[in-house]
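Just work.cif here, mmCIF, N, CA and C atoms:
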data_protein
#
loop_
_atom_site.label_atom_id
_atom_site.label_comp_id
_atom_site.auth_asym_id
_atom_site.auth_seq_id
_atom_site.Cartn_x
_atom_site.Cartn_y
_atom_site.Cartn_z
N MET A 1 -2.13 16.95 6.80
CA MET A 1 -2.56 15.64 6.35
C MET A 1 -3.87 15.79 5.59
N SER A 2 -3.91 15.26 4.42
CA SER A 2 -5.08 15.37 3.56
C SER A 2 -6.11 14.29 3.88
N SER A 3 -7.37 14.64 3.82
CA SER A 3 -8.42 13.64 3.99
C SER A 3 -9.00 13.27 2.62
N ASP A 4 -8.37 13.73 1.55
CA ASP A 4 -8.84 13.42 0.20
C ASP A 4 -8.82 11.92 -0.04
N PRO A 5 -9.78 11.41 -0.83
CA PRO A 5 -9.80 9.98 -1.13
C PRO A 5 -8.60 9.57 -1.99
N VAL A 6 -8.18 8.34 -1.81
CA VAL A 6 -7.05 7.80 -2.56
C VAL A 6 -7.35 6.35 -2.93
N ILE A 7 -7.11 6.01 -4.19
CA ILE A 7 -7.24 4.63 -4.66
C ILE A 7 -6.00 3.86 -4.21
N VAL A 8 -6.17 2.65 -3.68
CA VAL A 8 -5.04 1.86 -3.20
C VAL A 8 -5.23 0.41 -3.63
N SER A 9 -4.16 -0.19 -4.15
CA SER A 9 -4.20 -1.63 -4.43
C SER A 9 -4.54 -2.35 -3.14
N ALA A 10 -5.60 -3.13 -3.16
CA ALA A 10 -6.09 -3.81 -1.96
C ALA A 10 -5.03 -4.69 -1.32
N CYS A 11 -4.19 -5.32 -2.14
CA CYS A 11 -3.17 -6.23 -1.59
C CYS A 11 -2.16 -5.47 -0.72
N LEU A 12 -1.90 -4.19 -1.05
CA LEU A 12 -0.96 -3.40 -0.25
C LEU A 12 -1.50 -3.12 1.14
N LEU A 13 -2.82 -3.20 1.29
CA LEU A 13 -3.47 -2.94 2.58
C LEU A 13 -3.62 -4.21 3.41
N GLY A 14 -3.16 -5.34 2.86
CA GLY A 14 -3.24 -6.60 3.60
C GLY A 14 -4.39 -7.49 3.19
N LEU A 15 -5.16 -7.10 2.18
CA LEU A 15 -6.24 -7.96 1.70
C LEU A 15 -5.65 -9.03 0.78
N SER A 16 -6.16 -10.23 0.87
CA SER A 16 -5.62 -11.37 0.11
C SER A 16 -6.22 -11.39 -1.30
N THR A 17 -5.78 -10.46 -2.13
CA THR A 17 -6.35 -10.29 -3.47
C THR A 17 -5.37 -10.61 -4.59
N ARG A 18 -4.10 -10.90 -4.26
CA ARG A 18 -3.10 -11.18 -5.30
C ARG A 18 -3.48 -12.44 -6.08
N TYR A 19 -2.86 -12.61 -7.22
CA TYR A 19 -3.13 -13.78 -8.06
C TYR A 19 -2.95 -15.09 -7.30
N ASP A 20 -2.00 -15.12 -6.34
CA ASP A 20 -1.71 -16.34 -5.59
C ASP A 20 -2.54 -16.47 -4.32
N GLY A 21 -3.51 -15.56 -4.15
CA GLY A 21 -4.38 -15.60 -2.97
C GLY A 21 -3.75 -15.02 -1.72
N LYS A 22 -2.58 -14.40 -1.87
CA LYS A 22 -1.89 -13.79 -0.74
C LYS A 22 -2.03 -12.28 -0.79
N ASP A 23 -1.49 -11.61 0.23
CA ASP A 23 -1.47 -10.15 0.23
C ASP A 23 -0.05 -9.66 0.00
N ALA A 24 0.10 -8.37 -0.09
CA ALA A 24 1.42 -7.72 -0.23
C ALA A 24 1.45 -6.54 0.73
N LEU A 25 1.03 -6.80 1.97
CA LEU A 25 0.92 -5.74 2.98
C LEU A 25 2.17 -4.87 2.98
N ASN A 26 1.94 -3.55 2.89
CA ASN A 26 3.05 -2.60 2.87
C ASN A 26 2.80 -1.58 3.99
N GLU A 27 3.58 -1.72 5.06
CA GLU A 27 3.40 -0.85 6.23
C GLU A 27 3.64 0.62 5.89
N GLU A 28 4.57 0.88 4.95
CA GLU A 28 4.85 2.27 4.55
C GLU A 28 3.61 2.90 3.93
N VAL A 29 2.94 2.17 3.07
CA VAL A 29 1.71 2.68 2.45
C VAL A 29 0.66 2.94 3.52
N CYS A 30 0.47 1.98 4.41
CA CYS A 30 -0.53 2.14 5.47
C CYS A 30 -0.23 3.38 6.32
N SER A 31 1.02 3.59 6.62
CA SER A 31 1.43 4.74 7.42
C SER A 31 1.21 6.06 6.66
N LEU A 32 1.60 6.07 5.39
CA LEU A 32 1.43 7.28 4.56
C LEU A 32 -0.03 7.69 4.43
N LEU A 33 -0.93 6.72 4.50
CA LEU A 33 -2.34 6.99 4.23
C LEU A 33 -3.18 7.20 5.47
N LYS A 34 -2.55 7.23 6.64
CA LYS A 34 -3.31 7.47 7.87
C LYS A 34 -4.10 8.78 7.73
N GLY A 35 -5.38 8.72 8.05
CA GLY A 35 -6.22 9.90 8.00
C GLY A 35 -6.85 10.15 6.64
N ARG A 36 -6.47 9.37 5.63
CA ARG A 36 -7.05 9.54 4.29
C ARG A 36 -8.24 8.60 4.12
N LEU A 37 -9.12 8.95 3.20
CA LEU A 37 -10.22 8.07 2.82
C LEU A 37 -9.65 7.09 1.80
N ILE A 38 -9.47 5.84 2.21
CA ILE A 38 -8.84 4.83 1.37
C ILE A 38 -9.92 4.07 0.60
N VAL A 39 -9.72 3.97 -0.71
CA VAL A 39 -10.62 3.21 -1.58
C VAL A 39 -9.82 2.01 -2.09
N PRO A 40 -9.96 0.84 -1.40
CA PRO A 40 -9.19 -0.33 -1.82
C PRO A 40 -9.78 -0.94 -3.09
N VAL A 41 -8.91 -1.28 -4.02
CA VAL A 41 -9.35 -1.90 -5.27
C VAL A 41 -8.40 -3.03 -5.66
N CYS A 42 -8.94 -4.01 -6.34
CA CYS A 42 -8.14 -5.01 -7.04
C CYS A 42 -8.70 -5.05 -8.45
N PRO A 43 -8.02 -4.38 -9.39
CA PRO A 43 -8.54 -4.32 -10.76
C PRO A 43 -8.80 -5.69 -11.38
N GLU A 44 -7.98 -6.67 -11.06
CA GLU A 44 -8.17 -7.99 -11.66
C GLU A 44 -9.46 -8.63 -11.14
N GLN A 45 -9.75 -8.45 -9.85
CA GLN A 45 -11.03 -8.93 -9.33
C GLN A 45 -12.19 -8.13 -9.92
N LEU A 46 -12.03 -6.80 -10.00
CA LEU A 46 -13.08 -5.96 -10.57
C LEU A 46 -13.36 -6.30 -12.03
N GLY A 47 -12.35 -6.85 -12.70
CA GLY A 47 -12.52 -7.28 -14.09
C GLY A 47 -13.16 -8.65 -14.23
N GLY A 48 -13.38 -9.33 -13.10
CA GLY A 48 -14.06 -10.62 -13.14
C GLY A 48 -13.16 -11.84 -12.94
N LEU A 49 -11.88 -11.61 -12.65
CA LEU A 49 -10.98 -12.75 -12.44
C LEU A 49 -11.10 -13.24 -10.99
N PRO A 50 -10.96 -14.56 -10.77
CA PRO A 50 -11.07 -15.10 -9.42
C PRO A 50 -9.76 -14.93 -8.64
N THR A 51 -9.84 -15.22 -7.36
CA THR A 51 -8.64 -15.27 -6.51
C THR A 51 -8.71 -16.59 -5.76
N PRO A 52 -7.66 -17.42 -5.84
CA PRO A 52 -6.47 -17.22 -6.67
C PRO A 52 -6.80 -17.38 -8.16
N ARG A 53 -5.84 -16.98 -8.99
CA ARG A 53 -6.01 -17.03 -10.45
C ARG A 53 -4.64 -17.30 -11.08
N PRO A 54 -4.63 -17.78 -12.31
CA PRO A 54 -3.34 -17.97 -12.98
C PRO A 54 -2.63 -16.64 -13.15
N LYS A 55 -1.33 -16.65 -12.97
CA LYS A 55 -0.50 -15.46 -13.14
C LYS A 55 -0.62 -14.98 -14.59
N ALA A 56 -0.67 -13.66 -14.77
CA ALA A 56 -0.79 -13.10 -16.13
C ALA A 56 0.33 -12.11 -16.37
N GLU A 57 0.56 -11.83 -17.64
CA GLU A 57 1.55 -10.81 -18.01
C GLU A 57 1.13 -10.15 -19.31
N ILE A 58 1.70 -9.00 -19.55
CA ILE A 58 1.47 -8.27 -20.80
C ILE A 58 2.47 -8.82 -21.81
N THR A 59 1.97 -9.21 -22.97
CA THR A 59 2.81 -9.94 -23.93
C THR A 59 3.91 -9.11 -24.57
N ALA A 60 3.66 -7.83 -24.78
CA ALA A 60 4.66 -6.93 -25.40
C ALA A 60 4.37 -5.51 -24.93
N GLY A 61 5.40 -4.69 -24.89
CA GLY A 61 5.19 -3.32 -24.44
C GLY A 61 4.70 -3.30 -23.00
N ASP A 62 3.73 -2.42 -22.73
CA ASP A 62 3.17 -2.35 -21.38
C ASP A 62 1.69 -2.01 -21.44
N GLY A 63 1.14 -1.59 -20.31
CA GLY A 63 -0.29 -1.32 -20.23
C GLY A 63 -0.78 -0.26 -21.21
N THR A 64 0.06 0.69 -21.53
CA THR A 64 -0.31 1.70 -22.53
C THR A 64 -0.58 1.04 -23.87
N ASP A 65 0.24 0.05 -24.21
CA ASP A 65 0.06 -0.68 -25.47
C ASP A 65 -1.23 -1.51 -25.43
N VAL A 66 -1.55 -2.07 -24.28
CA VAL A 66 -2.80 -2.82 -24.14
C VAL A 66 -3.98 -1.88 -24.35
N LEU A 67 -3.94 -0.69 -23.74
CA LEU A 67 -5.03 0.28 -23.90
C LEU A 67 -5.23 0.68 -25.36
N CYS A 68 -4.13 0.74 -26.11
CA CYS A 68 -4.19 1.12 -27.53
C CYS A 68 -4.49 -0.05 -28.46
N GLY A 69 -4.63 -1.25 -27.90
CA GLY A 69 -4.91 -2.43 -28.71
C GLY A 69 -3.69 -3.01 -29.39
N LEU A 70 -2.49 -2.61 -28.95
CA LEU A 70 -1.26 -3.08 -29.57
C LEU A 70 -0.65 -4.29 -28.85
N SER A 71 -1.19 -4.63 -27.67
CA SER A 71 -0.68 -5.76 -26.91
C SER A 71 -1.84 -6.40 -26.17
N ARG A 72 -1.55 -7.52 -25.50
CA ARG A 72 -2.58 -8.27 -24.79
C ARG A 72 -2.07 -8.68 -23.41
N ALA A 73 -3.01 -9.04 -22.56
CA ALA A 73 -2.69 -9.67 -21.28
C ALA A 73 -3.08 -11.14 -21.41
N VAL A 74 -2.13 -12.01 -21.11
CA VAL A 74 -2.35 -13.44 -21.26
C VAL A 74 -1.91 -14.14 -19.98
N ASP A 75 -2.71 -15.11 -19.52
CA ASP A 75 -2.32 -15.81 -18.29
C ASP A 75 -1.38 -16.97 -18.61
N GLU A 76 -0.84 -17.56 -17.55
CA GLU A 76 0.16 -18.60 -17.70
C GLU A 76 -0.36 -19.86 -18.41
N ASN A 77 -1.68 -19.99 -18.55
CA ASN A 77 -2.27 -21.11 -19.28
C ASN A 77 -2.52 -20.76 -20.75
N GLY A 78 -2.14 -19.54 -21.13
CA GLY A 78 -2.33 -19.11 -22.52
C GLY A 78 -3.67 -18.45 -22.80
N GLU A 79 -4.50 -18.26 -21.77
CA GLU A 79 -5.81 -17.63 -21.96
C GLU A 79 -5.64 -16.12 -22.07
N ASP A 80 -6.26 -15.54 -23.09
CA ASP A 80 -6.25 -14.08 -23.27
C ASP A 80 -7.21 -13.47 -22.26
N VAL A 81 -6.68 -12.68 -21.33
CA VAL A 81 -7.49 -12.04 -20.29
C VAL A 81 -7.52 -10.53 -20.47
N THR A 82 -7.20 -10.08 -21.67
CA THR A 82 -7.14 -8.64 -21.95
C THR A 82 -8.45 -7.94 -21.61
N SER A 83 -9.57 -8.51 -22.01
CA SER A 83 -10.86 -7.85 -21.77
C SER A 83 -11.12 -7.71 -20.27
N LYS A 84 -10.68 -8.67 -19.48
CA LYS A 84 -10.88 -8.59 -18.03
C LYS A 84 -9.96 -7.53 -17.42
N PHE A 85 -8.75 -7.41 -17.94
CA PHE A 85 -7.83 -6.37 -17.46
C PHE A 85 -8.36 -4.99 -17.83
N MET A 86 -8.92 -4.86 -19.03
CA MET A 86 -9.50 -3.57 -19.47
C MET A 86 -10.72 -3.21 -18.62
N LYS A 87 -11.57 -4.19 -18.35
CA LYS A 87 -12.76 -3.94 -17.52
C LYS A 87 -12.34 -3.53 -16.11
N GLY A 88 -11.36 -4.23 -15.54
CA GLY A 88 -10.89 -3.90 -14.20
C GLY A 88 -10.30 -2.50 -14.12
N ALA A 89 -9.56 -2.11 -15.15
CA ALA A 89 -8.99 -0.76 -15.19
C ALA A 89 -10.12 0.27 -15.26
N ALA A 90 -11.12 0.01 -16.10
CA ALA A 90 -12.24 0.93 -16.25
C ALA A 90 -13.04 1.05 -14.94
N GLU A 91 -13.23 -0.07 -14.25
CA GLU A 91 -13.96 -0.04 -12.97
C GLU A 91 -13.16 0.71 -11.90
N THR A 92 -11.85 0.55 -11.92
CA THR A 92 -11.01 1.28 -10.97
C THR A 92 -11.08 2.78 -11.25
N LEU A 93 -11.03 3.14 -12.52
CA LEU A 93 -11.18 4.55 -12.89
C LEU A 93 -12.54 5.07 -12.45
N LYS A 94 -13.58 4.27 -12.62
CA LYS A 94 -14.92 4.67 -12.19
C LYS A 94 -14.95 4.93 -10.68
N ALA A 95 -14.28 4.06 -9.90
CA ALA A 95 -14.21 4.26 -8.44
C ALA A 95 -13.50 5.57 -8.11
N ALA A 96 -12.44 5.87 -8.85
CA ALA A 96 -11.71 7.13 -8.63
C ALA A 96 -12.61 8.33 -8.93
N LEU A 97 -13.33 8.26 -10.04
CA LEU A 97 -14.20 9.37 -10.43
C LEU A 97 -15.36 9.53 -9.45
N LEU A 98 -15.94 8.41 -9.00
CA LEU A 98 -17.06 8.46 -8.05
C LEU A 98 -16.67 9.07 -6.71
N THR A 99 -15.45 8.81 -6.29
CA THR A 99 -14.99 9.28 -4.97
C THR A 99 -14.21 10.59 -5.04
N GLY A 100 -13.86 11.02 -6.24
CA GLY A 100 -13.07 12.23 -6.40
C GLY A 100 -11.58 12.02 -6.14
N ALA A 101 -11.14 10.76 -6.14
CA ALA A 101 -9.72 10.47 -5.90
C ALA A 101 -8.88 10.99 -7.05
N GLN A 102 -7.83 11.72 -6.72
CA GLN A 102 -6.90 12.26 -7.72
C GLN A 102 -5.54 11.60 -7.64
N GLU A 103 -5.46 10.57 -6.78
CA GLU A 103 -4.19 9.93 -6.50
C GLU A 103 -4.43 8.43 -6.30
N ALA A 104 -3.42 7.62 -6.69
CA ALA A 104 -3.52 6.17 -6.49
C ALA A 104 -2.16 5.62 -6.06
N TYR A 105 -2.19 4.73 -5.09
CA TYR A 105 -1.00 4.00 -4.63
C TYR A 105 -1.18 2.56 -5.09
N LEU A 106 -0.31 2.12 -6.00
CA LEU A 106 -0.52 0.84 -6.66
C LEU A 106 0.66 -0.11 -6.48
N LYS A 107 0.39 -1.41 -6.61
CA LYS A 107 1.40 -2.46 -6.43
C LYS A 107 2.26 -2.58 -7.68
N ASP A 108 3.52 -2.19 -7.55
CA ASP A 108 4.45 -2.30 -8.67
C ASP A 108 4.67 -3.77 -9.04
N ARG A 109 5.13 -4.00 -10.25
CA ARG A 109 5.44 -5.30 -10.83
C ARG A 109 4.19 -6.08 -11.24
N SER A 110 3.03 -5.48 -11.11
CA SER A 110 1.76 -6.12 -11.48
C SER A 110 1.39 -5.74 -12.90
N PRO A 111 0.80 -6.69 -13.67
CA PRO A 111 0.36 -6.35 -15.03
C PRO A 111 -0.84 -5.39 -15.03
N SER A 112 -1.49 -5.25 -13.89
CA SER A 112 -2.57 -4.27 -13.75
C SER A 112 -2.07 -2.98 -13.12
N CYS A 113 -1.43 -3.12 -11.97
CA CYS A 113 -1.12 -1.97 -11.13
C CYS A 113 0.31 -1.45 -11.23
N GLY A 114 1.19 -2.15 -11.91
CA GLY A 114 2.58 -1.71 -11.99
C GLY A 114 2.68 -0.27 -12.46
N VAL A 115 3.47 0.54 -11.76
CA VAL A 115 3.63 1.94 -12.12
C VAL A 115 4.92 2.16 -12.90
N SER A 116 6.00 1.57 -12.43
CA SER A 116 7.27 1.72 -13.14
C SER A 116 7.86 0.38 -13.57
N LEU A 117 7.34 -0.71 -13.00
CA LEU A 117 7.84 -2.05 -13.34
C LEU A 117 6.70 -3.03 -13.54
N ILE A 118 6.86 -3.90 -14.54
CA ILE A 118 5.98 -5.05 -14.72
C ILE A 118 6.90 -6.26 -14.89
N CYS A 119 6.34 -7.44 -14.87
CA CYS A 119 7.12 -8.65 -15.06
C CYS A 119 6.74 -9.31 -16.38
N ARG A 120 7.75 -9.83 -17.05
CA ARG A 120 7.53 -10.60 -18.28
C ARG A 120 8.54 -11.73 -18.31
N ARG A 121 8.03 -12.95 -18.45
CA ARG A 121 8.88 -14.15 -18.50
C ARG A 121 9.86 -14.19 -17.33
N GLY A 122 9.37 -13.85 -16.13
CA GLY A 122 10.17 -13.93 -14.92
C GLY A 122 11.14 -12.78 -14.71
N GLU A 123 11.16 -11.82 -15.63
CA GLU A 123 12.06 -10.67 -15.53
C GLU A 123 11.27 -9.42 -15.18
N ARG A 124 11.87 -8.56 -14.36
CA ARG A 124 11.28 -7.24 -14.09
C ARG A 124 11.71 -6.30 -15.21
N ILE A 125 10.74 -5.65 -15.83
CA ILE A 125 11.05 -4.71 -16.91
C ILE A 125 10.35 -3.38 -16.64
N LYS A 126 10.88 -2.31 -17.21
CA LYS A 126 10.26 -1.00 -17.07
C LYS A 126 8.94 -1.00 -17.83
N GLY A 127 7.93 -0.44 -17.21
CA GLY A 127 6.63 -0.35 -17.86
C GLY A 127 5.52 -0.21 -16.84
N MET A 128 4.34 0.13 -17.34
CA MET A 128 3.15 0.31 -16.51
C MET A 128 2.15 -0.80 -16.77
N GLY A 129 1.39 -1.12 -15.74
CA GLY A 129 0.28 -2.04 -15.91
C GLY A 129 -0.91 -1.34 -16.57
N VAL A 130 -1.91 -2.11 -16.90
CA VAL A 130 -3.08 -1.60 -17.62
C VAL A 130 -3.83 -0.55 -16.79
N THR A 131 -4.10 -0.84 -15.54
CA THR A 131 -4.84 0.10 -14.68
C THR A 131 -4.03 1.36 -14.43
N ALA A 132 -2.75 1.19 -14.12
CA ALA A 132 -1.90 2.37 -13.88
C ALA A 132 -1.89 3.27 -15.10
N ALA A 133 -1.78 2.68 -16.28
CA ALA A 133 -1.76 3.46 -17.52
C ALA A 133 -3.08 4.21 -17.73
N MET A 134 -4.20 3.54 -17.45
CA MET A 134 -5.50 4.18 -17.64
C MET A 134 -5.70 5.33 -16.65
N LEU A 135 -5.33 5.11 -15.39
CA LEU A 135 -5.47 6.17 -14.39
C LEU A 135 -4.60 7.37 -14.75
N MET A 136 -3.37 7.11 -15.13
CA MET A 136 -2.45 8.19 -15.49
C MET A 136 -2.97 8.96 -16.71
N LYS A 137 -3.47 8.23 -17.68
CA LYS A 137 -4.02 8.86 -18.89
C LYS A 137 -5.17 9.82 -18.55
N GLU A 138 -5.89 9.49 -17.49
CA GLU A 138 -7.03 10.33 -17.06
C GLU A 138 -6.61 11.41 -16.05
N GLY A 139 -5.31 11.57 -15.83
CA GLY A 139 -4.82 12.64 -14.98
C GLY A 139 -4.72 12.33 -13.50
N ILE A 140 -4.85 11.06 -13.15
CA ILE A 140 -4.72 10.66 -11.75
C ILE A 140 -3.26 10.34 -11.48
N LYS A 141 -2.73 10.92 -10.40
CA LYS A 141 -1.33 10.69 -10.03
C LYS A 141 -1.19 9.28 -9.49
N VAL A 142 -0.27 8.50 -10.07
CA VAL A 142 -0.06 7.12 -9.61
C VAL A 142 1.34 6.99 -9.00
N THR A 143 1.40 6.29 -7.89
CA THR A 143 2.67 6.02 -7.20
C THR A 143 2.75 4.53 -6.97
N GLY A 144 3.89 3.94 -7.32
CA GLY A 144 4.06 2.50 -7.17
C GLY A 144 4.77 2.12 -5.89
N PHE A 145 4.37 1.00 -5.31
CA PHE A 145 5.00 0.42 -4.11
C PHE A 145 5.19 -1.06 -4.31
#
Kindly present the structure from the file in structure tokens form.
Amino acid sequence: MSSDPVIVSACLLGLSTRYDGKDALNEEVCSLLKGRLIVPVCPEQLGGLPTPRPKAEITAGDGTDVLCGLSRAVDENGEDVTSKFMKGAAETLKAALLTGAQEAYLKDRSPSCGVSLICRRGERIKGMGVTAAMLMKEGIKVTGF
């Protein structure tokens, strides 16, 4: 069992950080991480968004496209929240670098944390969120739950 630090979506740990003010407690994640130094993060909160907050999605492509400036993150009220998603991703990366975390367990289907799935117009589609894309780009192993 490794004691290495690991970045974890705070909602997966039972913290009420989701856009709707709820958690997404995942017992499997908690069990897998026993004995590890857990660094809980909510990129959307780190980017300055409140909880609860309007639901957001990536308008086209996925988080990689947002990082490249080819797409945006927009909330359900039409507000462009791209800069907040970018800031949250950068702050999460900073937490990983400060702690030496080489691994992240993230909440799938999130426009920030999605690893293999994000949501667009109520549909689940293949793609990564902004934070997952940034962490992966920097060589951090990301696993979605």
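Closest approach to A:Gly21 among A:Arg109, A:Lys34, A:Lys126, A:Lys55 is made by A:Lys55 (distances from only C-alpha atoms).
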Practice problem: Please evaluate the PyMOL selection byres ((chain A and resi 132-135) around 6) against the structure above and give the resulting residues as a list in words. | Solution: Gly63, Thr64, Ser112, Cys113, Gly114, Val115, Met128, Gly129, Val130, Thr131, Met136, Lys137, Glu138, Gly139, Ile140 and Lys141 of chain A
Exercise. Would you mind listing what lies within 10 Å of stretch 69-82 of chain A as an MDAnalysis selection string, with only C-alpha atoms counted and same-chain residues fewer than 6 positions away left out?
Key: chainID A and resid 44 47:49 53:63 88 111:112 121 129:130
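With distances restricted to all atoms listed in the file, A:Val8 is the closest residue to A:Val39 from A:Ala90, A:Val8, A:Ala24, A:Leu15.
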Can you spell out as an mmCIF file with N, CA and C atoms, in the coordinates of the input the set of residues that the PyMOL selection byres ((chain A and resi 17) around 8) selects in the structure I just provided?
data_model
loop_
_atom_site.group_PDB
_atom_site.id
_atom_site.type_symbol
_atom_site.label_atom_id
_atom_site.label_comp_id
_atom_site.auth_asym_id
_atom_site.auth_seq_id
_atom_site.Cartn_x
_atom_site.Cartn_y
_atom_site.Cartn_z
ATOM 1 N N ALA A 10 -5.600 -3.130 -3.160
ATOM 2 C CA ALA A 10 -6.090 -3.810 -1.960
ATOM 3 C C ALA A 10 -5.030 -4.690 -1.320
ATOM 4 N N CYS A 11 -4.190 -5.320 -2.140
ATOM 5 C CA CYS A 11 -3.170 -6.230 -1.590
ATOM 6 C C CYS A 11 -2.160 -5.470 -0.720
ATOM 7 N N LEU A 12 -1.900 -4.190 -1.050
ATOM 8 C CA LEU A 12 -0.960 -3.400 -0.250
ATOM 9 C C LEU A 12 -1.500 -3.120 1.140
ATOM 10 N N GLY A 14 -3.160 -5.340 2.860
ATOM 11 C CA GLY A 14 -3.240 -6.600 3.600
ATOM 12 C C GLY A 14 -4.390 -7.490 3.190
ATOM 13 N N LEU A 15 -5.160 -7.100 2.180
ATOM 14 C CA LEU A 15 -6.240 -7.960 1.700
ATOM 15 C C LEU A 15 -5.650 -9.030 0.780
ATOM 16 N N SER A 16 -6.160 -10.230 0.870
ATOM 17 C CA SER A 16 -5.620 -11.370 0.110
ATOM 18 C C SER A 16 -6.220 -11.390 -1.300
ATOM 19 N N ARG A 18 -4.100 -10.900 -4.260
ATOM 20 C CA ARG A 18 -3.100 -11.180 -5.300
ATOM 21 C C ARG A 18 -3.480 -12.440 -6.080
ATOM 22 N N TYR A 19 -2.860 -12.610 -7.220
ATOM 23 C CA TYR A 19 -3.130 -13.780 -8.060
ATOM 24 C C TYR A 19 -2.950 -15.090 -7.300
ATOM 25 N N ASP A 20 -2.000 -15.120 -6.340
ATOM 26 C CA ASP A 20 -1.710 -16.340 -5.590
ATOM 27 C C ASP A 20 -2.540 -16.470 -4.320
ATOM 28 N N GLY A 21 -3.510 -15.560 -4.150
ATOM 29 C CA GLY A 21 -4.380 -15.600 -2.970
ATOM 30 C C GLY A 21 -3.750 -15.020 -1.720
ATOM 31 N N LYS A 22 -2.580 -14.400 -1.870
ATOM 32 C CA LYS A 22 -1.890 -13.790 -0.740
ATOM 33 C C LYS A 22 -2.030 -12.280 -0.790
ATOM 34 N N ASP A 23 -1.490 -11.610 0.230
ATOM 35 C CA ASP A 23 -1.470 -10.150 0.230
ATOM 36 C C ASP A 23 -0.050 -9.660 0.000
ATOM 37 N N ALA A 24 0.100 -8.370 -0.090
ATOM 38 C CA ALA A 24 1.420 -7.720 -0.230
ATOM 39 C C ALA A 24 1.450 -6.540 0.730
ATOM 40 N N VAL A 41 -8.910 -1.280 -4.020
ATOM 41 C CA VAL A 41 -9.350 -1.900 -5.270
ATOM 42 C C VAL A 41 -8.400 -3.030 -5.660
ATOM 43 N N CYS A 42 -8.940 -4.010 -6.340
ATOM 44 C CA CYS A 42 -8.140 -5.010 -7.040
ATOM 45 C C CYS A 42 -8.700 -5.050 -8.450
ATOM 46 N N GLU A 44 -7.980 -6.670 -11.060
ATOM 47 C CA GLU A 44 -8.170 -7.990 -11.660
ATOM 48 C C GLU A 44 -9.460 -8.630 -11.140
ATOM 49 N N GLN A 45 -9.750 -8.450 -9.850
ATOM 50 C CA GLN A 45 -11.030 -8.930 -9.330
ATOM 51 C C GLN A 45 -12.190 -8.130 -9.920
ATOM 52 N N PRO A 50 -10.960 -14.560 -10.770
ATOM 53 C CA PRO A 50 -11.070 -15.100 -9.420
ATOM 54 C C PRO A 50 -9.760 -14.930 -8.640
ATOM 55 N N THR A 51 -9.840 -15.220 -7.360
ATOM 56 C CA THR A 51 -8.640 -15.270 -6.510
ATOM 57 C C THR A 51 -8.710 -16.590 -5.760
ATOM 58 N N PRO A 52 -7.660 -17.420 -5.840
ATOM 59 C CA PRO A 52 -6.470 -17.220 -6.670
ATOM 60 C C PRO A 52 -6.800 -17.380 -8.160
ATOM 61 N N ARG A 53 -5.840 -16.980 -8.990
ATOM 62 C CA ARG A 53 -6.010 -17.030 -10.450
ATOM 63 C C ARG A 53 -4.640 -17.300 -11.080
#
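Nearest residue to A:Leu46 among A:Met86, A:Val6, A:Val142, A:Ala96 is A:Met86, counting only N, CA and C atoms.
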Exercise. Measure the distance from atom C of A:Cys68 to atom C of A:Glu91 in Å and round it to one decimal.
Key: 18.7 Å
Self-check item: Residues within 8 Å of (-2.3, 13.0, 5.2), counting all atoms listed in the file, listed as a PyMOL selection string
Solution: chain A and resi 1-4+31-36
Quiz item: Can you tell me how far atom N of A:Ser83 sits from atom C of A:Val29, in Å to one decimal?
Solution: 29.8 Å
Quiz item: DSSP says alpha helix (DSSP H) for which residues of chain A? Put them as a PyMOL selection string?
Solution: chain A and resi 27-32+43-46+63-67+82-99+130-137
Quiz item: So which one's closest to A:Leu98, A:Val66, A:Leu25, A:Leu13, A:Ile7? Using only C-alpha atoms, please.
Solution: A:Ile7
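Minimum distance to A:Lys87 across A:Gly144, A:Pro43, A:Ser110, A:Leu117 (counting all atoms listed in the file) occurs at A:Pro43.
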Quiz item: Tell me, which residues of stretch 36-119 of chain A carry DSSP strand (DSSP E or B), written as a PyMOL selection string?
Solution: chain A and resi 37-41+56-58+73-75+80+103-106+117-119
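For the pair atom C of A:Phe145 and atom C of A:Lys84, the separation is 21.1 Å.
Among the candidate residues A:Pro40, A:Leu67, A:Ile125, A:Thr143, the one lying nearest to A:Glu103 is A:Thr143, with distances computed using only N, CA and C atoms.
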